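Take a look at the structure set out below.
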2 protein chains.
Amino acid sequence: MTSSPAPLDLTADPAELTAALVDIESVSGDEAAIADAVQAALWAQAPHLEVIRDGDAVLARTNLGRDSRAVLAGHLDTVPVNENLPLRRTGSADSADGEVLHGLGTVDMKGGVAVFLHLAATLPRPRHDVTFVFYDCEEVEAARNGLGRIERTLPEWLRGELAIVGEPSNAAIEAGCQGTMRVELRCTGTRAHTARGWMGVNAIHALGEPLARLASYQARVVDIDGLTYREGLQAVGIGGGVAGNVVPDEAVLSVNHRFAPDRSAADAEAHLREVFDGYELSVVDSSPGALPGLGAPAAAELVAAAGGKAAAKLGWTDVSRFAALGMPAVNLGPGDPTLAHTRQEHVRADEIRAVAETLRTFLR
Amino acid sequence: MTSSPAPLDLTADPAELTAALVDIESVSGDEAAIADAVQAALWAQAPHLEVIRDGDAVLARTNLGRDSRAVLAGHLDTVPVNENLPLRRTGSADSADGEVLHGLGTVDMKGGVAVFLHLAATLPRPRHDVTFVFYDCEEVEAARNGLGRIERTLPEWLRGELAIVGEPSNAAIEAGCQGTMRVELRCTGTRAHTARGWMGVNAIHALGEPLARLASYQARVVDIDGLTYREGLQAVGIGGGVAGNVVPDEAVLSVNHRFAPDRSAADAEAHLREVFDGYELSVVDSSPGALPGLGAPAAAELVAAAGGKAAAKLGWTDVSRFAALGMPAVNLGPGDPTLAHTRQEHVRADEIRAVAETLRTFLR
């Protein structure tokens with residue numbers, strides 16, 4: 001919002017820190033200002049940390065020689081502005097709904113980033129060594145993702161016994177994540193002039209049957225480690241047509257499958273080939289899920305610090321990047337994830353403070 | 001193909017004249033060269049005609065005071081070149097398949113234009129007064145159609161007791177034409193993230209049912225004046241989708257209906273609303289059909305000249321513009337209409353000569 005924002009105060013209320021971060025506009029690809037502010041604040045207020053800069057990511061860590069290390073990761077970028085900046089406040093600590101912060105990034109995910117920054121500055125000697133990863137370009141195509149870049153160029157900065165990604169989770173631990181796969185189903189036919197339609201074979205008409213299978217599909221509900229994963233199979237795109245007077249010879253249906261982490265991507269593909277038996281199917285993209293891994297010691301400690309409760313994460317998040325590195329990984333952040341990417345994004349201040357308390361209990 | 005083509009010889013074999021016209025490239029919007037050649041040839045070789053130029057259309061007529069007038073109309077333009085220029089010849093008068101002309105416009109419709117030009121020059125005192133209309137931009141959007149422009153600016157040049165449009169009809173009379181209507185069927189739903197697909201309603205899934213109705217649709221076959229019209233209902237476009245991870249809230253199916261000329265456009269619309277009962281439908285465009293009108297005296301004479309045979313025209317052509325003016329109108333031209341707009345366009349030379357003979361018998 002301004003080229004030289006006021007310095008961030010990492011030691012103050014993390015809800016106030018969230019507000020300050022929201023007012024530094026940081027749409028994906030334009031994170032220099034917020035990264036500068038984060039880097040400057042860590043240098044000034046967390047001298048016990050090793051801090052480095054990588055592009056518009058800022059990395060910081062303790063080097064205390066603890067037996068285990070937790071990696072706390074949060075992205076600095078947001079989706080595009082949608083008439084939801086600057087920050088707006090409603091309510092107060094005394095009102096029924098409490099104090100609420102409204103605006104772009106309040107949920108996704110400057111609340112989580114604020115909590116991590118607050119802990120970075122105020123817990124100089126945590127029980128586990130901690131690595132903080134504040135990164136860029138999470139909200140755009142996977143190839144630009146800052147965490148992916150760090151994995152390629154600074155892999156040792158992502159290693160640890162537990163990863164905590166600060167994506168909104170209603171301040172509760174959401175473990176693992178579902179996999180996602182997109183496939184294209186292609187029907188072919190024979191082109192003809194519509195004035196002599198019987199000389200052709202209409203590829204769009206042929207999509208009726210796979211659409212009927214989609215409409216009647218019964219998604220699995222899977223229990224893993226006491227967590228409930230609910231799968232899904234949804235058409236996300238459809239296209240076909242040559243001209244207004246031509247029987248089309250090709251039509252394509254694009255389908256997104258969300259699958260519980262008890263299935264590998266190969267399992268999921270085999271399942272889709274069974275559902276759409278008889279049709280030409282090609283996999284467009286695919287990201288494996290992540291098992292919750294709550295049996296690992298550091299993860300169990302975190303669940304205990306959160307009062308023993310954890311739920312299944314349904315959306316795909318960067319936790320699966322850590323899961324792929326063999327680490328237990330959870331989402332834990334303030335805010336309702338269904339508000340992410342909406343103009344109405346807002347978060348309760350007390351949820352931000354609650355996440356900070358949970359993590360303080362875990363790390364203290 | 002060249003900026004100053006050789007002068008056209010209108011009195012020679014109309015198949016040779018077709019070949020000369022094919023080699024004057026005339027993609028829609030670029031008809032100046034062919035219009036210049038046609039105009040110059042008519043001035044030089046048909047001094048008995050009144051000739052005028054309108055844009056890249058050339059109009060010519062006899063003014064003999066006959067009781068009736070025939071309007072012979074053909075478009076000068078072609079669809080874009082598709083590796084099918086210059087003209088290529090195969091066979092000969094003695095070979096099994098006869099002499100064949102290959103190339104862009106041989107079918108659609110320089111054969112018909114050549115026949116009309118040949119008659120214009122070689123029948124100075126026809127039995128009916130004759131108006132020749134050689135026009136531009138038939139192969140593009142209706143708003144640019146040269147015949148439409150003439151209808152607005154020079155309407156008296158289209159008046160008569162019978163219209164003959166030289167579109168390819170395998171050298172046989174094809175009478176009337178079917179109507180055509182395009183409608184859009186829209187399904188709506190509720191947007192949601194695919195990770196929580198059950199919170200949304202998928203608009204693409206909803207298209208399965210209308211597609212099933214299309215696939216099982218039984219088209220009417222209608223007999224009018226002894227001619228058989230075969231209707232059709234074909235999806236010509238389908239679209240929907242917001243993003244690869246979003247349950248889409250809108251999907252649209254575009255459908256083209258071809259209807260026999262016993263139904264008005266209003267009848268056809270009512271029929272489609274019945275077929276797709278329960279769905280939101282909007283008419284995108286609509287052109288009425290044309291009844292064959294073969295009972296009219298001049299039309300009956302033409303059928304007799306063609307040996308008494310006529311068939312139903314299934315495609316929509318500019319005959320319906322004349323039908324809308326209250327004139328009987330038929331298609332009569334050399335070439336197989338299913339080859340139109342293909343790279344393999346070709347026509348038998350003897351079919352061109354046969355159409356010239358039929359029309360000579362009618363007009364002599």
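The way I read the labels, and the way they are meant: chains A, B, ... in the order of the structure tokens, residue 1 as the first residue of every chain, and ligand 1 as the first ligand shown, with later ones counted on from there.
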
Check: which chain A residues lie within 8 Å of chain B using only C-alpha atoms, as JSON, numbers by chain: {"A": [182, 194, 195, 196, 197, 198, 202, 204, 205, 206, 207, 208, 209, 210, 211, 212, 214, 215, 231, 232, 233, 234, 235, 236, 237, 238, 239, 240, 241, 242, 243, 244, 245, 246, 247, 248, 256, 258, 314, 315, 316]}

Name all residues at most 8 Å from Arg127 of chain B (count only C-alpha atoms; drop same-chain ones fewer than 3 positions away) and give them as a PDB file with all heavy atoms, in the first residue's frame.
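Result went into selection_5.pdb, see below:
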```
ATOM      1  N   ARG B  66     -40.788  -9.068 -71.420  1.00  0.00           N
ATOM      2  CA  ARG B  66     -41.460 -10.361 -71.295  1.00  0.00           C
ATOM      3  C   ARG B  66     -42.452 -10.327 -70.136  1.00  0.00           C
ATOM      4  O   ARG B  66     -42.367  -9.488 -69.235  1.00  0.00           O
ATOM      5  CB  ARG B  66     -40.447 -11.478 -71.022  1.00  0.00           C
ATOM      6  CG  ARG B  66     -39.314 -11.585 -72.042  1.00  0.00           C
ATOM      7  CD  ARG B  66     -39.820 -12.018 -73.396  1.00  0.00           C
ATOM      8  NE  ARG B  66     -38.726 -12.474 -74.250  1.00  0.00           N
ATOM      9  CZ  ARG B  66     -38.587 -12.159 -75.528  1.00  0.00           C
ATOM     10  NH1 ARG B  66     -39.450 -11.333 -76.126  1.00  0.00           N
ATOM     11  NH2 ARG B  66     -37.600 -12.658 -76.230  1.00  0.00           N
ATOM     12  N   LEU B 363     -34.766 -21.367 -70.997  1.00  0.00           N
ATOM     13  CA  LEU B 363     -34.792 -19.936 -71.359  1.00  0.00           C
ATOM     14  C   LEU B 363     -34.919 -19.675 -72.857  1.00  0.00           C
ATOM     15  O   LEU B 363     -35.287 -18.565 -73.263  1.00  0.00           O
ATOM     16  CB  LEU B 363     -33.525 -19.235 -70.848  1.00  0.00           C
ATOM     17  CG  LEU B 363     -33.412 -19.081 -69.329  1.00  0.00           C
ATOM     18  CD1 LEU B 363     -32.028 -18.557 -68.947  1.00  0.00           C
ATOM     19  CD2 LEU B 363     -34.509 -18.135 -68.815  1.00  0.00           C
ATOM     20  N   ARG B 364     -34.627 -20.689 -73.656  1.00  0.00           N
ATOM     21  CA  ARG B 364     -34.521 -20.491 -75.097  1.00  0.00           C
ATOM     22  C   ARG B 364     -35.856 -20.082 -75.705  1.00  0.00           C
ATOM     23  O   ARG B 364     -36.908 -20.577 -75.292  1.00  0.00           O
ATOM     24  CB  ARG B 364     -33.982 -21.790 -75.708  1.00  0.00           C
ATOM     25  CG  ARG B 364     -33.937 -21.828 -77.200  1.00  0.00           C
ATOM     26  CD  ARG B 364     -33.030 -22.975 -77.648  1.00  0.00           C
ATOM     27  NE  ARG B 364     -33.423 -24.250 -77.059  1.00  0.00           N
ATOM     28  CZ  ARG B 364     -32.594 -25.307 -76.999  1.00  0.00           C
ATOM     29  NH1 ARG B 364     -31.341 -25.213 -77.405  1.00  0.00           N
ATOM     30  NH2 ARG B 364     -33.020 -26.438 -76.514  1.00  0.00           N
TER      31      ARG B 364
END
```

Among listed residues A:Glu141, A:Glu151, A:Asp350, A:Asp336, nearest Glu16 of chain A (using only C-alpha atoms): A:Asp350

Alpha helix (DSSP H) call set, DSSP backbone run, segment 181-350 of chain B, as a VMD selection string: chain B and resid 208 to 215 265 to 275 297 to 305 319 to 324 349 to 350

Shell of 9 Å around segment 131-138 of chain B, only C-alpha atoms, local chain residues under 6 positions omitted, as number ranges by chain: B: 27-31, 35, 38, 54-62, 69-78, 113, 116-117, 120, 144-147, 150, 157-160, 318

DSSP strand (DSSP E) residues within segment 41-268 of chain A, as a PyMOL selection string: chain A and resi 50-54+57-61+69-75+88-90+100-102+129-135+162-165+173-175+179-188+192-193+221-224+227-230+232-240+246-247+250-259

File of the preceding selection, C-alpha atoms, as a PDB file, in the first residue's frame:
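This is the output file part.pdb:
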```
ATOM      1  CA  GLU A  50      20.336 -17.024  11.165  1.00  0.00           C
ATOM      2  CA  VAL A  51      18.490 -15.085   8.439  1.00  0.00           C
ATOM      3  CA  ILE A  52      18.929 -15.339   4.662  1.00  0.00           C
ATOM      4  CA  ARG A  53      17.101 -13.983   1.655  1.00  0.00           C
ATOM      5  CA  ASP A  54      16.335 -15.998  -1.483  1.00  0.00           C
ATOM      6  CA  ALA A  57      11.591 -15.466   0.244  1.00  0.00           C
ATOM      7  CA  VAL A  58      13.030 -14.898   3.718  1.00  0.00           C
ATOM      8  CA  LEU A  59      14.430 -17.866   5.655  1.00  0.00           C
ATOM      9  CA  ALA A  60      15.418 -17.874   9.336  1.00  0.00           C
ATOM     10  CA  ARG A  61      16.448 -20.584  11.803  1.00  0.00           C
ATOM     11  CA  ARG A  69      13.611 -29.439  14.253  1.00  0.00           C
ATOM     12  CA  ALA A  70      10.233 -28.027  13.277  1.00  0.00           C
ATOM     13  CA  VAL A  71       9.808 -26.191   9.970  1.00  0.00           C
ATOM     14  CA  LEU A  72       7.176 -23.429  10.060  1.00  0.00           C
ATOM     15  CA  ALA A  73       6.256 -22.302   6.552  1.00  0.00           C
ATOM     16  CA  GLY A  74       3.958 -19.570   5.301  1.00  0.00           C
ATOM     17  CA  HIS A  75       3.558 -17.802   1.979  1.00  0.00           C
ATOM     18  CA  ARG A  88     -10.925  -2.833   7.761  1.00  0.00           C
ATOM     19  CA  ARG A  89     -11.801  -3.617  11.386  1.00  0.00           C
ATOM     20  CA  THR A  90     -15.153  -4.417  13.005  1.00  0.00           C
ATOM     21  CA  VAL A 100     -12.540  -8.997  13.395  1.00  0.00           C
ATOM     22  CA  LEU A 101      -9.974  -8.090  10.727  1.00  0.00           C
ATOM     23  CA  HIS A 102     -11.316  -7.815   7.157  1.00  0.00           C
ATOM     24  CA  ASP A 129      15.139 -26.107  16.707  1.00  0.00           C
ATOM     25  CA  VAL A 130      12.912 -24.107  14.390  1.00  0.00           C
ATOM     26  CA  THR A 131      13.243 -23.096  10.724  1.00  0.00           C
ATOM     27  CA  PHE A 132      10.963 -20.322   9.481  1.00  0.00           C
ATOM     28  CA  VAL A 133      10.208 -20.174   5.766  1.00  0.00           C
ATOM     29  CA  PHE A 134       8.372 -17.099   4.440  1.00  0.00           C
ATOM     30  CA  TYR A 135       8.000 -17.578   0.702  1.00  0.00           C
ATOM     31  CA  LEU A 162       7.775 -31.904  11.556  1.00  0.00           C
ATOM     32  CA  ALA A 163       6.442 -29.293   9.131  1.00  0.00           C
ATOM     33  CA  ILE A 164       3.728 -26.836  10.090  1.00  0.00           C
ATOM     34  CA  VAL A 165       2.179 -24.892   7.212  1.00  0.00           C
ATOM     35  CA  ILE A 173      -4.665 -28.934  13.321  1.00  0.00           C
ATOM     36  CA  GLU A 174      -5.505 -30.320   9.894  1.00  0.00           C
ATOM     37  CA  ALA A 175      -3.304 -33.229   9.105  1.00  0.00           C
ATOM     38  CA  GLY A 179      -4.314 -35.720  -3.481  1.00  0.00           C
ATOM     39  CA  THR A 180      -5.606 -34.032  -6.586  1.00  0.00           C
ATOM     40  CA  MET A 181      -5.588 -35.223 -10.181  1.00  0.00           C
ATOM     41  CA  ARG A 182      -6.976 -33.646 -13.319  1.00  0.00           C
ATOM     42  CA  VAL A 183      -7.833 -35.802 -16.289  1.00  0.00           C
ATOM     43  CA  GLU A 184      -9.217 -35.048 -19.728  1.00  0.00           C
ATOM     44  CA  LEU A 185     -11.771 -37.354 -21.283  1.00  0.00           C
ATOM     45  CA  ARG A 186     -11.943 -37.014 -25.038  1.00  0.00           C
ATOM     46  CA  CYS A 187     -14.801 -38.124 -27.283  1.00  0.00           C
ATOM     47  CA  THR A 188     -14.346 -38.208 -31.023  1.00  0.00           C
ATOM     48  CA  ALA A 192     -20.431 -33.217 -41.105  1.00  0.00           C
ATOM     49  CA  HIS A 193     -22.590 -30.284 -42.112  1.00  0.00           C
ATOM     50  CA  VAL A 221     -15.375 -41.314   2.742  1.00  0.00           C
ATOM     51  CA  VAL A 222     -12.130 -42.676   4.206  1.00  0.00           C
ATOM     52  CA  ASP A 223     -10.965 -42.929   7.814  1.00  0.00           C
ATOM     53  CA  ILE A 224      -7.200 -42.686   8.400  1.00  0.00           C
ATOM     54  CA  LEU A 227      -9.372 -38.541  10.620  1.00  0.00           C
ATOM     55  CA  THR A 228     -12.124 -38.440   7.980  1.00  0.00           C
ATOM     56  CA  TYR A 229     -11.218 -37.716   4.354  1.00  0.00           C
ATOM     57  CA  ARG A 230     -14.059 -37.077   1.912  1.00  0.00           C
ATOM     58  CA  GLY A 232     -14.717 -35.906  -4.747  1.00  0.00           C
ATOM     59  CA  LEU A 233     -15.042 -36.161  -8.513  1.00  0.00           C
ATOM     60  CA  GLN A 234     -16.108 -33.007 -10.326  1.00  0.00           C
ATOM     61  CA  ALA A 235     -16.213 -31.829 -13.920  1.00  0.00           C
ATOM     62  CA  VAL A 236     -14.244 -28.572 -14.019  1.00  0.00           C
ATOM     63  CA  GLY A 237     -14.339 -27.869 -17.733  1.00  0.00           C
ATOM     64  CA  ILE A 238     -16.056 -28.903 -20.915  1.00  0.00           C
ATOM     65  CA  GLY A 239     -15.453 -27.831 -24.481  1.00  0.00           C
ATOM     66  CA  GLY A 240     -16.245 -28.740 -28.034  1.00  0.00           C
ATOM     67  CA  VAL A 246     -20.896 -28.317 -38.171  1.00  0.00           C
ATOM     68  CA  VAL A 247     -21.406 -31.636 -36.368  1.00  0.00           C
ATOM     69  CA  GLU A 250     -14.161 -33.730 -30.882  1.00  0.00           C
ATOM     70  CA  ALA A 251     -15.287 -32.816 -27.385  1.00  0.00           C
ATOM     71  CA  VAL A 252     -13.341 -32.779 -24.157  1.00  0.00           C
ATOM     72  CA  LEU A 253     -14.416 -33.075 -20.549  1.00  0.00           C
ATOM     73  CA  SER A 254     -11.988 -32.017 -17.834  1.00  0.00           C
ATOM     74  CA  VAL A 255     -12.443 -33.684 -14.445  1.00  0.00           C
ATOM     75  CA  ASN A 256     -10.814 -33.007 -11.084  1.00  0.00           C
ATOM     76  CA  HIS A 257     -10.516 -35.909  -8.646  1.00  0.00           C
ATOM     77  CA  ARG A 258      -9.674 -35.310  -4.987  1.00  0.00           C
ATOM     78  CA  PHE A 259      -8.495 -38.514  -3.345  1.00  0.00           C
TER      79      PHE A 259
END
```

Residue nearest Leu119 of chain A - candidates A:Val330, A:Leu8, A:Leu359, A:Val107, atoms counted: only C-alpha atoms: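 Answer, going by the shortest atom-to-atom distance: A:Leu359.
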
Atom CA of Asp94 of chain A to atom CA of Met109 of chain A, straight-line distance in Å: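 So the answer is 25.3 Å.
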
For segment 20-24 of chain B: contacts at 8 Å, only C-alpha atoms, fewer than 3 positions along chain excluded, given as a PyMOL selection string: chain B and resi 1-2+5+8+16-17+33-34+85-87+103-106+110+114
